[in-house]
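Engineer: One file is attached below, structure.pdb, containing PDB, C-alpha atoms.
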```pdb
MODEL        1
ATOM      1  CA  MET G 821     -25.619 -64.373 102.449
ATOM      2  CA  ALA G 822     -23.593 -61.161 102.677
ATOM      3  CA  ALA G 823     -24.653 -58.412 100.299
ATOM      4  CA  ALA G 824     -22.366 -56.464  98.017
ATOM      5  CA  GLY G 825     -23.263 -52.831  97.555
ATOM      6  CA  LEU G 826     -22.648 -49.548  95.797
ATOM      7  CA  LEU G 827     -21.269 -46.751  97.959
ATOM      8  CA  VAL G 828     -22.872 -43.417  97.097
ATOM      9  CA  LEU G 829     -20.835 -40.509  98.404
ATOM     10  CA  THR G 830     -22.891 -37.679  99.831
ATOM     11  CA  SER G 831     -23.009 -35.808 103.118
ATOM     12  CA  MET G 832     -25.522 -38.288 104.496
ATOM     13  CA  GLN G 833     -25.836 -40.924 107.260
ATOM     14  CA  VAL G 834     -25.675 -44.710 106.807
ATOM     15  CA  LEU G 835     -29.079 -46.090 105.938
ATOM     16  CA  ALA G 836     -30.055 -49.591 104.865
ATOM     17  CA  VAL G 837     -31.902 -48.958 101.601
ATOM     18  CA  PRO G 838     -33.516 -52.095 100.135
ATOM     19  CA  ALA G 839     -32.469 -53.027  96.625
ATOM     20  CA  ALA G 840     -35.048 -51.996  94.032
ATOM     21  CA  SER G 841     -37.085 -54.717  92.372
ATOM     22  CA  GLY G 842     -37.108 -52.742  89.142
ATOM     23  CA  PRO G 843     -38.590 -49.604  87.632
ATOM     24  CA  SER G 844     -41.813 -50.090  89.596
ATOM     25  CA  GLU G 845     -40.226 -48.514  92.708
ATOM     26  CA  THR G 846     -42.076 -45.250  93.307
ATOM     27  CA  ALA G 847     -40.258 -41.929  93.080
ATOM     28  CA  THR G 848     -42.172 -40.755  96.176
ATOM     29  CA  ALA G 849     -40.791 -43.517  98.374
ATOM     30  CA  ASP G 850     -37.285 -42.951  97.039
ATOM     31  CA  ALA G 851     -37.491 -39.215  97.653
ATOM     32  CA  HIS G 852     -38.622 -39.853 101.237
ATOM     33  CA  ALA G 853     -35.725 -42.256 101.802
ATOM     34  CA  TYR G 854     -33.272 -39.786 100.335
ATOM     35  CA  LYS G 855     -34.319 -36.974 102.669
ATOM     36  CA  GLN G 856     -33.562 -39.139 105.694
ATOM     37  CA  LEU G 857     -29.885 -39.419 104.791
ATOM     38  CA  THR G 858     -27.156 -37.341 106.404
ATOM     39  CA  LYS G 859     -23.923 -39.328 105.759
ATOM     40  CA  PRO G 860     -22.491 -41.697 103.095
ATOM     41  CA  TYR G 861     -24.880 -44.542 102.555
ATOM     42  CA  ARG G 862     -24.841 -47.914 100.824
ATOM     43  CA  ILE G 863     -27.386 -49.289  98.408
ATOM     44  CA  PRO G 864     -27.192 -53.057  98.937
ATOM     45  CA  ARG G 865     -27.096 -55.465  96.048
ATOM     46  CA  PRO G 866     -27.357 -59.247  96.289
ATOM     47  CA  ALA G 867     -24.054 -61.045  95.799
ATOM     48  CA  SER G 868     -25.808 -63.035  93.074
ATOM     49  CA  LEU G 869     -29.133 -62.704  91.280
ATOM     50  CA  PRO G 870     -31.375 -65.745  90.692
ATOM     51  CA  ALA G 871     -31.659 -66.697  87.041
ATOM     52  CA  GLY G 872     -34.287 -64.592  85.300
ATOM     53  CA  GLN G 873     -34.961 -62.426  88.374
ATOM     54  CA  GLY G 874     -33.605 -58.949  87.688
ATOM     55  CA  THR G 875     -30.387 -57.491  86.344
ATOM     56  CA  SER G 876     -27.751 -55.091  87.547
ATOM     57  CA  GLY G 877     -29.649 -52.433  85.586
ATOM     58  CA  ASP G 878     -32.273 -52.475  88.316
ATOM     59  CA  MET G 879     -29.690 -51.112  90.729
ATOM     60  CA  LEU G 880     -28.838 -48.244  88.391
ATOM     61  CA  TRP G 881     -32.510 -47.349  87.956
ATOM     62  CA  HIS G 882     -32.904 -47.376  91.719
ATOM     63  CA  LEU G 883     -29.847 -45.154  92.070
ATOM     64  CA  TYR G 884     -31.370 -42.724  89.567
ATOM     65  CA  ASN G 885     -34.698 -42.646  91.443
ATOM     66  CA  LEU G 886     -32.987 -42.249  94.786
ATOM     67  CA  VAL G 887     -30.256 -39.713  93.951
ATOM     68  CA  LEU G 888     -29.893 -38.504  90.373
ATOM     69  CA  SER G 889     -33.563 -37.611  89.875
ATOM     70  CA  HIS G 890     -33.221 -35.166  92.806
ATOM     71  CA  SER G 891     -29.766 -33.853  91.860
ATOM     72  CA  ARG G 892     -29.100 -30.409  90.417
ATOM     73  CA  TYR G 893     -27.851 -30.098  86.839
ATOM     74  CA  ILE G 894     -25.649 -27.159  85.801
ATOM     75  CA  ASP G 895     -24.743 -26.405  82.177
ATOM     76  CA  LEU G 896     -21.019 -25.625  81.782
ATOM     77  CA  THR G 897     -21.278 -24.973  78.046
ATOM     78  CA  HIS G 898     -21.193 -21.856  75.869
ATOM     79  CA  THR G 899     -23.795 -21.579  73.114
ATOM     80  CA  ILE G 900     -22.209 -21.844  69.660
ATOM     81  CA  ARG G 901     -22.887 -18.552  67.866
ATOM     82  CA  PRO G 902     -21.443 -16.931  64.735
ATOM     83  CA  ASP G 903     -20.064 -14.036  66.828
ATOM     84  CA  MET G 904     -18.346 -16.195  69.447
ATOM     85  CA  PRO G 905     -14.638 -15.661  70.161
ATOM     86  CA  ILE G 906     -12.239 -17.840  68.224
ATOM     87  CA  TRP G 907      -8.464 -18.225  67.991
ATOM     88  CA  ARG G 908      -7.042 -15.360  65.897
ATOM     89  CA  GLU G 909      -5.612 -17.622  63.152
ATOM     90  CA  PHE G 910      -8.884 -19.481  62.474
ATOM     91  CA  GLY G 911     -11.476 -17.999  60.140
ATOM     92  CA  ASN G 912     -14.875 -16.834  61.340
ATOM     93  CA  ILE G 913     -17.779 -19.274  61.405
ATOM     94  CA  THR G 914     -21.085 -18.510  59.692
ATOM     95  CA  PHE G 915     -24.670 -19.749  60.042
ATOM     96  CA  SER G 916     -27.190 -19.756  57.197
ATOM     97  CA  GLN G 917     -30.556 -21.161  56.261
ATOM     98  CA  ALA G 918     -30.400 -24.621  54.725
ATOM     99  CA  VAL G 919     -31.580 -24.576  51.113
ATOM    100  CA  HIS G 920     -33.061 -27.151  48.757
ATOM    101  CA  LYS G 921     -30.295 -28.688  46.649
ATOM    102  CA  ASP G 922     -32.279 -28.221  43.403
ATOM    103  CA  THR G 923     -33.922 -24.812  43.841
ATOM    104  CA  GLY G 924     -31.452 -23.084  46.157
ATOM    105  CA  GLU G 925     -34.409 -21.779  48.138
ATOM    106  CA  PRO G 926     -34.509 -21.933  51.964
ATOM    107  CA  PHE G 927     -36.864 -24.461  53.512
ATOM    108  CA  THR G 928     -39.898 -22.823  55.129
ATOM    109  CA  TYR G 929     -42.651 -23.952  57.476
ATOM    110  CA  GLU G 930     -45.275 -22.797  54.974
ATOM    111  CA  LYS G 931     -43.852 -24.513  51.898
ATOM    112  CA  ASP G 932     -41.949 -27.499  53.293
ATOM    113  CA  LEU G 933     -43.472 -27.935  56.790
ATOM    114  CA  PHE G 934     -40.039 -27.496  58.398
ATOM    115  CA  VAL G 935     -36.908 -25.346  58.439
ATOM    116  CA  ALA G 936     -33.236 -26.258  58.829
ATOM    117  CA  ASN G 937     -29.897 -24.523  59.320
ATOM    118  CA  ALA G 938     -26.532 -24.823  57.597
ATOM    119  CA  TYR G 939     -23.204 -24.101  59.275
ATOM    120  CA  LYS G 940     -19.782 -23.173  57.938
ATOM    121  CA  LEU G 941     -17.433 -24.208  60.739
ATOM    122  CA  THR G 942     -13.858 -23.205  59.988
ATOM    123  CA  THR G 943     -12.418 -25.360  62.785
ATOM    124  CA  ASP G 944     -13.296 -28.019  65.335
ATOM    125  CA  GLN G 945     -11.288 -25.970  67.867
ATOM    126  CA  MET G 946     -13.783 -23.440  69.181
ATOM    127  CA  GLY G 947     -16.176 -22.751  71.993
ATOM    128  CA  THR G 948     -16.687 -25.359  74.698
ATOM    129  CA  GLN G 949     -14.684 -28.292  73.442
ATOM    130  CA  LEU G 950     -12.822 -31.505  74.119
ATOM    131  CA  ASP G 951      -9.399 -31.584  72.502
ATOM    132  CA  ALA G 952      -8.483 -34.977  71.105
ATOM    133  CA  PRO G 953      -4.794 -35.958  71.304
ATOM    134  CA  ALA G 954      -4.680 -36.152  67.484
ATOM    135  CA  HIS G 955      -4.774 -32.341  67.558
ATOM    136  CA  PHE G 956      -1.019 -32.522  68.255
ATOM    137  CA  ASN G 957      -0.093 -36.166  67.626
ATOM    138  CA  PRO G 958      -1.462 -38.237  64.717
ATOM    139  CA  TYR G 959      -0.716 -41.516  66.487
ATOM    140  CA  TYR G 960      -3.167 -40.876  69.331
ATOM    141  CA  ALA G 961      -6.977 -40.824  69.402
ATOM    142  CA  ALA G 962      -9.050 -38.582  67.147
ATOM    143  CA  ALA G 963     -12.419 -37.263  68.330
ATOM    144  CA  ASP G 964     -14.339 -40.304  67.076
ATOM    145  CA  GLU G 965     -11.875 -42.630  68.816
ATOM    146  CA  ILE G 966     -12.429 -41.261  72.336
ATOM    147  CA  PRO G 967     -14.170 -44.043  74.314
ATOM    148  CA  PRO G 968     -17.718 -43.701  75.691
ATOM    149  CA  THR G 969     -16.296 -44.175  79.206
ATOM    150  CA  PHE G 970     -15.633 -40.402  79.197
ATOM    151  CA  ALA G 971     -19.391 -39.877  79.564
ATOM    152  CA  LEU G 972     -19.637 -39.741  83.387
ATOM    153  CA  ARG G 973     -16.893 -39.046  85.942
ATOM    154  CA  LYS G 974     -16.232 -37.472  89.326
ATOM    155  CA  LEU G 975     -15.713 -33.706  88.979
ATOM    156  CA  VAL G 976     -13.144 -31.651  90.885
ATOM    157  CA  VAL G 977     -13.172 -27.835  90.676
ATOM    158  CA  ILE G 978     -10.028 -25.948  91.700
ATOM    159  CA  ASP G 979     -10.657 -22.225  92.163
ATOM    160  CA  MET G 980      -7.856 -19.815  91.265
ATOM    161  CA  SER G 981     -10.153 -16.868  90.484
ATOM    162  CA  GLU G 982      -8.803 -14.679  93.310
ATOM    163  CA  LYS G 983      -5.259 -15.000  91.983
ATOM    164  CA  VAL G 984      -6.458 -14.287  88.458
ATOM    165  CA  ARG G 985      -8.071 -11.045  89.666
ATOM    166  CA  ARG G 986      -4.613  -9.902  90.721
ATOM    167  CA  ASN G 987      -2.827 -11.339  87.671
ATOM    168  CA  SER G 988      -4.868 -11.948  84.517
ATOM    169  CA  SER G 989      -2.292 -14.415  83.141
ATOM    170  CA  TYR G 990      -1.785 -16.368  86.363
ATOM    171  CA  ALA G 991      -0.893 -20.050  85.820
ATOM    172  CA  LEU G 992      -2.232 -22.764  88.124
ATOM    173  CA  SER G 993       0.709 -24.303  89.996
ATOM    174  CA  VAL G 994       1.349 -27.669  91.612
ATOM    175  CA  GLN G 995       1.292 -25.866  94.959
ATOM    176  CA  ASP G 996      -2.222 -24.635  94.195
ATOM    177  CA  VAL G 997      -3.308 -28.250  93.727
ATOM    178  CA  LEU G 998      -1.582 -29.340  96.948
ATOM    179  CA  ASP G 999      -3.218 -26.465  98.848
ATOM    180  CA  TRP G1000      -6.611 -27.550  97.465
ATOM    181  CA  GLU G1001      -5.933 -31.099  98.641
ATOM    182  CA  ILE G1002      -5.191 -29.949 102.187
ATOM    183  CA  GLU G1003      -8.767 -28.683 102.400
ATOM    184  CA  HIS G1004     -10.613 -31.202 100.213
ATOM    185  CA  GLY G1005      -8.532 -34.377 100.117
ATOM    186  CA  THR G1006      -6.508 -36.012  97.351
ATOM    187  CA  VAL G1007      -7.726 -35.500  93.786
ATOM    188  CA  PRO G1008      -9.458 -38.799  92.908
ATOM    189  CA  SER G1009      -7.892 -41.071  90.320
ATOM    190  CA  GLY G1010      -9.881 -41.118  87.072
ATOM    191  CA  SER G1011     -11.641 -37.843  87.841
ATOM    192  CA  VAL G1012     -11.985 -34.703  85.733
ATOM    193  CA  VAL G1013     -10.361 -31.552  87.123
ATOM    194  CA  PHE G1014     -11.787 -28.210  85.999
ATOM    195  CA  VAL G1015      -9.915 -24.994  86.808
ATOM    196  CA  ARG G1016     -12.071 -22.018  87.746
ATOM    197  CA  SER G1017     -10.679 -18.612  86.788
ATOM    198  CA  ASP G1018     -13.895 -16.621  86.043
ATOM    199  CA  TRP G1019     -12.348 -15.643  82.684
ATOM    200  CA  SER G1020     -15.590 -16.793  81.045
ATOM    201  CA  LYS G1021     -17.657 -14.161  82.885
ATOM    202  CA  ALA G1022     -16.663 -11.626  80.200
ATOM    203  CA  TRP G1023     -17.777 -13.929  77.349
ATOM    204  CA  PRO G1024     -18.004 -13.183  74.462
ATOM    205  CA  HIS G1025     -15.889 -10.067  75.059
ATOM    206  CA  VAL G1026     -12.841 -11.969  76.308
ATOM    207  CA  ASP G1027      -9.130 -11.467  75.710
ATOM    208  CA  THR G1028      -7.896 -14.497  73.776
ATOM    209  CA  ASP G1029      -4.266 -13.317  73.886
ATOM    210  CA  VAL G1030      -3.867 -12.737  77.646
ATOM    211  CA  PHE G1031      -5.680 -15.261  79.826
ATOM    212  CA  PRO G1032      -5.359 -17.529  82.890
ATOM    213  CA  GLN G1033      -3.144 -20.562  82.316
ATOM    214  CA  VAL G1034      -2.321 -24.015  83.632
ATOM    215  CA  HIS G1035       1.412 -24.540  84.141
ATOM    216  CA  LEU G1036       3.184 -27.444  82.424
ATOM    217  CA  ASP G1037       4.324 -28.851  85.788
ATOM    218  CA  THR G1038       0.712 -28.829  86.956
ATOM    219  CA  VAL G1039      -0.786 -30.813  84.068
ATOM    220  CA  GLN G1040       2.076 -33.286  84.402
ATOM    221  CA  PHE G1041       1.434 -33.618  88.144
ATOM    222  CA  LEU G1042      -2.297 -34.141  87.686
ATOM    223  CA  HIS G1043      -1.779 -36.898  85.129
ATOM    224  CA  LEU G1044       1.399 -38.578  86.349
ATOM    225  CA  ASN G1045       0.842 -38.231  90.114
ATOM    226  CA  ARG G1046      -2.953 -38.152  90.410
ATOM    227  CA  SER G1047      -3.938 -40.191  87.311
ATOM    228  CA  ILE G1048      -6.851 -37.936  86.340
ATOM    229  CA  LEU G1049      -8.877 -38.579  83.179
ATOM    230  CA  PHE G1050      -8.537 -35.035  81.840
ATOM    231  CA  HIS G1051      -8.459 -31.439  83.012
ATOM    232  CA  GLY G1052     -10.319 -28.409  81.698
ATOM    233  CA  HIS G1053     -10.157 -24.612  81.838
ATOM    234  CA  GLU G1054     -12.222 -21.601  80.865
ATOM    235  CA  PRO G1055      -9.954 -19.970  78.222
ATOM    236  CA  LEU G1056      -9.599 -21.342  74.697
ATOM    237  CA  ASP G1057      -5.937 -22.300  75.260
ATOM    238  CA  THR G1058      -4.028 -23.951  78.088
ATOM    239  CA  ASP G1059      -1.072 -21.576  78.230
ATOM    240  CA  MET G1060       0.449 -18.503  76.583
ATOM    241  CA  THR G1061       3.869 -19.978  75.769
ATOM    242  CA  PRO G1062       5.033 -19.573  72.134
ATOM    243  CA  ARG G1063       5.057 -23.345  71.551
ATOM    244  CA  PHE G1064       1.940 -24.253  73.578
ATOM    245  CA  ASP G1065       4.037 -26.045  76.214
ATOM    246  CA  SER G1066       1.247 -27.366  78.470
ATOM    247  CA  GLU G1067      -1.183 -28.179  75.681
ATOM    248  CA  ARG G1068       1.521 -29.736  73.495
ATOM    249  CA  TRP G1069       2.727 -32.012  76.305
ATOM    250  CA  LEU G1070      -0.809 -33.150  77.133
ATOM    251  CA  LEU G1071      -1.995 -33.944  73.632
ATOM    252  CA  SER G1072       1.279 -35.306  72.290
ATOM    253  CA  HIS G1073       1.301 -37.817  75.177
ATOM    254  CA  GLY G1074      -2.236 -39.025  74.513
ATOM    255  CA  TYR G1075      -4.195 -37.000  77.081
ATOM    256  CA  ALA G1076      -7.409 -35.158  76.194
ATOM    257  CA  GLN G1077      -8.333 -31.757  77.648
ATOM    258  CA  ALA G1078     -11.394 -29.527  77.922
ATOM    259  CA  GLU G1079     -11.469 -25.849  76.943
ATOM    260  CA  GLY G1080     -14.040 -23.054  76.918
ATOM    261  CA  ILE G1081     -15.761 -24.093  80.173
ATOM    262  CA  THR G1082     -18.207 -21.711  81.862
ATOM    263  CA  ASN G1083     -20.326 -21.422  85.043
ATOM    264  CA  LEU G1084     -17.703 -23.041  87.282
ATOM    265  CA  ASP G1085     -18.567 -20.480  89.967
ATOM    266  CA  GLN G1086     -21.845 -22.399  90.379
ATOM    267  CA  VAL G1087     -20.202 -25.783  91.039
ATOM    268  CA  ALA G1088     -18.947 -27.206  94.338
ATOM    269  CA  PRO G1089     -15.233 -28.078  94.593
ATOM    270  CA  THR G1090     -16.078 -31.734  95.322
ATOM    271  CA  GLY G1091     -19.048 -34.075  95.361
ATOM    272  CA  CYS G1092     -20.347 -33.468  91.830
ATOM    273  CA  LEU G1093     -20.247 -35.588  88.683
ATOM    274  CA  LEU G1094     -19.521 -34.472  85.128
ATOM    275  CA  SER G1095     -21.609 -35.581  82.159
ATOM    276  CA  THR G1096     -19.815 -35.227  78.812
ATOM    277  CA  GLY G1097     -21.666 -35.489  75.509
ATOM    278  CA  PHE G1098     -20.058 -34.966  72.111
ATOM    279  CA  PRO G1099     -20.534 -35.872  68.419
ATOM    280  CA  LYS G1100     -18.247 -38.259  66.517
ATOM    281  CA  PHE G1101     -16.601 -36.388  63.661
ATOM    282  CA  ALA G1102     -14.456 -38.848  61.698
ATOM    283  CA  GLY G1103     -10.806 -37.963  62.224
ATOM    284  CA  GLY G1104     -11.741 -34.967  64.382
ATOM    285  CA  THR G1105      -8.968 -33.133  66.216
ATOM    286  CA  GLY G1106     -11.455 -31.487  68.569
ATOM    287  CA  ASN G1107     -15.112 -31.710  69.470
ATOM    288  CA  TYR G1108     -17.941 -29.367  70.326
ATOM    289  CA  VAL G1109     -19.081 -30.622  73.724
ATOM    290  CA  ARG G1110     -21.999 -30.263  76.162
ATOM    291  CA  TYR G1111     -20.617 -30.468  79.708
ATOM    292  CA  VAL G1112     -23.156 -30.750  82.527
ATOM    293  CA  ALA G1113     -22.250 -30.833  86.224
ATOM    294  CA  ILE G1114     -24.508 -33.077  88.330
ATOM    295  CA  CYS G1115     -24.504 -31.747  91.891
ATOM    296  CA  PRO G1116     -26.085 -32.954  95.175
ATOM    297  CA  PRO G1117     -29.779 -32.090  95.693
ATOM    298  CA  GLU G1118     -28.974 -29.678  98.527
ATOM    299  CA  TRP G1119     -26.674 -27.626  96.273
ATOM    300  CA  LYS G1120     -27.799 -24.037  95.643
ATOM    301  CA  SER G1121     -27.449 -23.891  91.844
ATOM    302  CA  GLY G1122     -28.822 -25.872  88.936
ATOM    303  CA  LEU G1123     -32.060 -27.468  87.755
ATOM    304  CA  THR G1124     -33.672 -30.714  88.870
ATOM    305  CA  PRO G1125     -35.416 -33.131  86.486
ATOM    306  CA  GLY G1126     -39.052 -32.133  86.174
ATOM    307  CA  SER G1127     -38.497 -28.567  87.396
ATOM    308  CA  VAL G1128     -38.663 -27.252  83.813
ATOM    309  CA  ASP G1129     -40.701 -28.238  80.755
ATOM    310  CA  GLU G1130     -39.113 -31.366  79.286
ATOM    311  CA  ALA G1131     -41.685 -33.483  77.452
ATOM    312  CA  PRO G1132     -43.060 -31.543  75.766
ATOM    313  CA  LEU G1133     -40.377 -28.863  75.893
ATOM    314  CA  ALA G1134     -41.260 -25.228  76.550
ATOM    315  CA  LYS G1135     -43.409 -23.321  74.078
ATOM    316  CA  TYR G1136     -42.402 -19.676  73.621
ATOM    317  CA  ASN G1137     -44.519 -16.592  73.028
ATOM    318  CA  SER G1138     -42.399 -15.483  70.063
ATOM    319  CA  PRO G1139     -41.428 -17.679  67.100
ATOM    320  CA  LEU G1140     -37.918 -18.698  66.117
ATOM    321  CA  GLU G1141     -37.082 -16.671  62.987
ATOM    322  CA  TRP G1142     -34.060 -16.031  60.810
ATOM    323  CA  ASN G1143     -32.298 -12.831  61.935
ATOM    324  CA  GLU G1144     -30.038 -11.357  59.261
ATOM    325  CA  GLN G1145     -28.390  -8.954  61.691
ATOM    326  CA  LYS G1146     -27.429 -11.712  64.146
ATOM    327  CA  GLY G1147     -26.655 -14.213  61.413
ATOM    328  CA  CYS G1148     -28.699 -16.982  63.083
ATOM    329  CA  ARG G1149     -32.232 -17.863  64.093
ATOM    330  CA  SER G1150     -33.463 -16.095  67.213
ATOM    331  CA  ARG G1151     -36.599 -14.985  69.012
ATOM    332  CA  SER G1152     -37.702 -11.354  69.053
TER
ENDMDL
END
```
Would you mind giving the structure from this file in structure tokens?
Structural biologist:
Amino acid sequence: MAAAGLLVLTSMQVLAVPAASGPSETATADAHAYKQLTKPYRIPRPASLPAGQGTSGDMLWHLYNLVLSHSRYIDLTHTIRPDMPIWREFGNITFSQAVHKDTGEPFTYEKDLFVANAYKLTTDQMGTQLDAPAHFNPYYAAADEIPPTFALRKLVVIDMSEKVRRNSSYALSVQDVLDWEIEHGTVPSGSVVFVRSDWSKAWPHVDTDVFPQVHLDTVQFLHLNRSILFHGHEPLDTDMTPRFDSERWLLSHGYAQAEGITNLDQVAPTGCLLSTGFPKFAGGTGNYVRYVAICPPEWKSGLTPGSVDEAPLAKYNSPLEWNEQKGCRSRS
């Protein structure tokens, strides 16, 4: 019987990789198989599975062992801090020590066996974020209504950093996208498109009034002509127009967008995936997000699973303590 399969796009050669029988496949054998590849390859899957003999989940575990466990993971997220830049009309955020509701005293390791923090967040529109359409249109999705299918997508990175060096308020144009496509191919439908400007390299000492932009025609082109899932950029706003033209069009028409991205200089223009993780604030108009790029194993940047302390996590030489000057817990 002919086998159906999952096409995994890498710069590798075609190799017949047997379908995994389950989690008992060894990571060593998978790593050896992976290193033999030099072009796109196909992981075969039976057209049908005998009753009680495996599930499609086996294929995903095999894919993880074969590819994702050797991939390189790059954090595209700013750390949330009380001194982080924020839009000028929002109030400052503050961190504090969580206190007992009856005594008003902070929890301590010595007295309570644990500590905890409390946060005064004046907005859900700050730092690395995912804007929900409800930010501009109450009839579209709020943060808790964004589907879990946003969790993993193809990632495209369009670099306009050279133009931004010459013009700090440069706006990505449709022609920039078309020029990118000449070199890299058509932007994939359903993908996420991040725009590299290197604006984030000055973080937290950034200019939130003059910044790189994405032109209205460009966001319309990406959604209406390329059917992307969402786009993202490094600044905290999409454009500098008085009425937020690009951002207003996106959100008022039901499209989400990412803001406050960093480390895009470490990510390849194609071939990577984007992992998106975010909390579910009821009725949220924005969301604090952890974006992670998952890049091919041969890529120069990023961490691989097992290359750092994970379980248990790293133990530090200095303790985490409350720092009044910084307004948060830190290590000396």
Engineer: I need the output of the PyMOL selection byres ((chain G and resi 1011) around 10) for this file as a PyMOL selection string; which residues are they?
Structural biologist: chain G and resi 970+972-976+1007-1010+1012-1014+1046-1051+1093-1094
Engineer: Need the shell around Ser993 (chain G): protein/DNA/RNA residues with any atom at most 8 Å away, counting only C-alpha atoms. Skip same-chain ones fewer than 2 positions apart. Format as a list in words?
Structural biologist: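 My list of contacting residues is Ala991, Gln995, Asp996, Val997, Val1034, His1035, Asp1037 and Thr1038 of chain G.
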Engineer: Report the closest atom pair, with its distance in Å rounded to one decimal, for each residue of region 1051-1137 of chain G that has an atom no farther than 12 Å from region 1000-1004 of chain G; count all atoms listed in the file, sort by chain and then rising residue number, and write it as a tab-separated table.
Structural biologist:
```
residue	atom	partner	partner_atom	distance
G:Ala1088	CA	G:His1004	CA	11.0
G:Pro1089	CA	G:His1004	CA	7.9
G:Thr1090	CA	G:His1004	CA	7.4
G:Gly1091	CA	G:His1004	CA	10.1
```
Engineer: When the PyMOL selection byres ((chain G and resi 983-986) around 9) is applied to the structure above, which residues does it catch, written out as a list of chain:residue names?
Structural biologist: G:Met980, G:Ser981, G:Glu982, G:Asn987, G:Ser988, G:Ser989, G:Tyr990, G:Ala991, G:Ser1017, G:Asp1018, G:Trp1019, G:Phe1031, G:Pro1032
Engineer: In Å to one decimal, how far is CA of Ala963 (chain G) from CA of Val1087 (chain G)?
Structural biologist: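 Between CA of Val1087 (chain G) and CA of Ala963 (chain G) the gap works out to 26.6 Å.
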Engineer: Please provide the set of residues having any atom within 6 Å of region 1082-1084 of chain G, restricted to all atoms listed in the file, with same-chain residues fewer than 4 positions apart removed, written as JSON, numbers by chain.
Structural biologist: {"G": [896, 897, 1016, 1020]}
Engineer: Which is closer to Pro1139 (chain G) than all the others in G:Tyr929, G:Asn937, G:Gln1077, G:Pro905, using all atoms listed in the file?
Structural biologist: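 The closest residue to Pro1139 (chain G) is G:Tyr929.
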Engineer: In Å, how far is it from CA of Tyr1111 (chain G) to CA of Thr1096 (chain G)?
Structural biologist: 4.9 Å
Engineer: Between G:His1073, G:Phe934, G:Ser891, G:Pro926, which one has atoms that come closest to Leu1140 (chain G), using all atoms listed in the file?
Structural biologist: G:Phe934
Engineer: Could you work out how far CA of Val1128 (chain G) lies from CA of His1053 (chain G), giving the answer in Å with one decimal?
Structural biologist: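 Atom-to-atom, CA of His1053 (chain G) and CA of Val1128 (chain G) are spaced 28.7 Å apart.
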Engineer: Fewer than 5 positions away in the same chain doesn't count, so skip those; otherwise give me all residues within 12 Å of Pro967 (chain G), counting all atoms listed in the file, as number ranges by chain.
Structural biologist: G: 952, 961-962, 972, 1049, 1076, 1096-1100
Engineer: If you apply the PyMOL selection byres ((chain G and resi 1118) around 10) to this file, what residues do you get, as a PyMOL selection string?
Structural biologist: chain G and resi 831+855+890-892+1115-1117+1119-1121
Engineer: Which one is closest to Ile913 (chain G): G:Tyr959, G:Asn885, G:Thr948, G:Gly1147? Count all atoms listed in the file.
Structural biologist: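 Looking at the shortest contact to Ile913 (chain G), the residue is G:Gly1147.
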Engineer: Which residue out of G:Met879, G:Glu965, G:Ser1150, G:Leu933 has the minimum interatomic distance to Pro953 (chain G) when all atoms listed in the file are used?
Structural biologist: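 Comparing G:Met879, G:Glu965, G:Ser1150, G:Leu933 against Pro953 (chain G), the winner is G:Glu965.
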Engineer: I'd like to know which of G:Asp903, G:Tyr960, G:Pro1132, G:Trp1142 is closest to Phe927 (chain G), using only C-alpha atoms.
Structural biologist: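 Checking each candidate against Phe927 (chain G), we get G:Trp1142 as the closest.
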Engineer: Which residue gives the smallest distance to Asp1029 (chain G) among G:Ala918, G:Ile906, G:Thr1105, G:Gln1145, with only C-alpha atoms counted?
Structural biologist: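 Distance minimum relative to Asp1029 (chain G) lands on G:Ile906.
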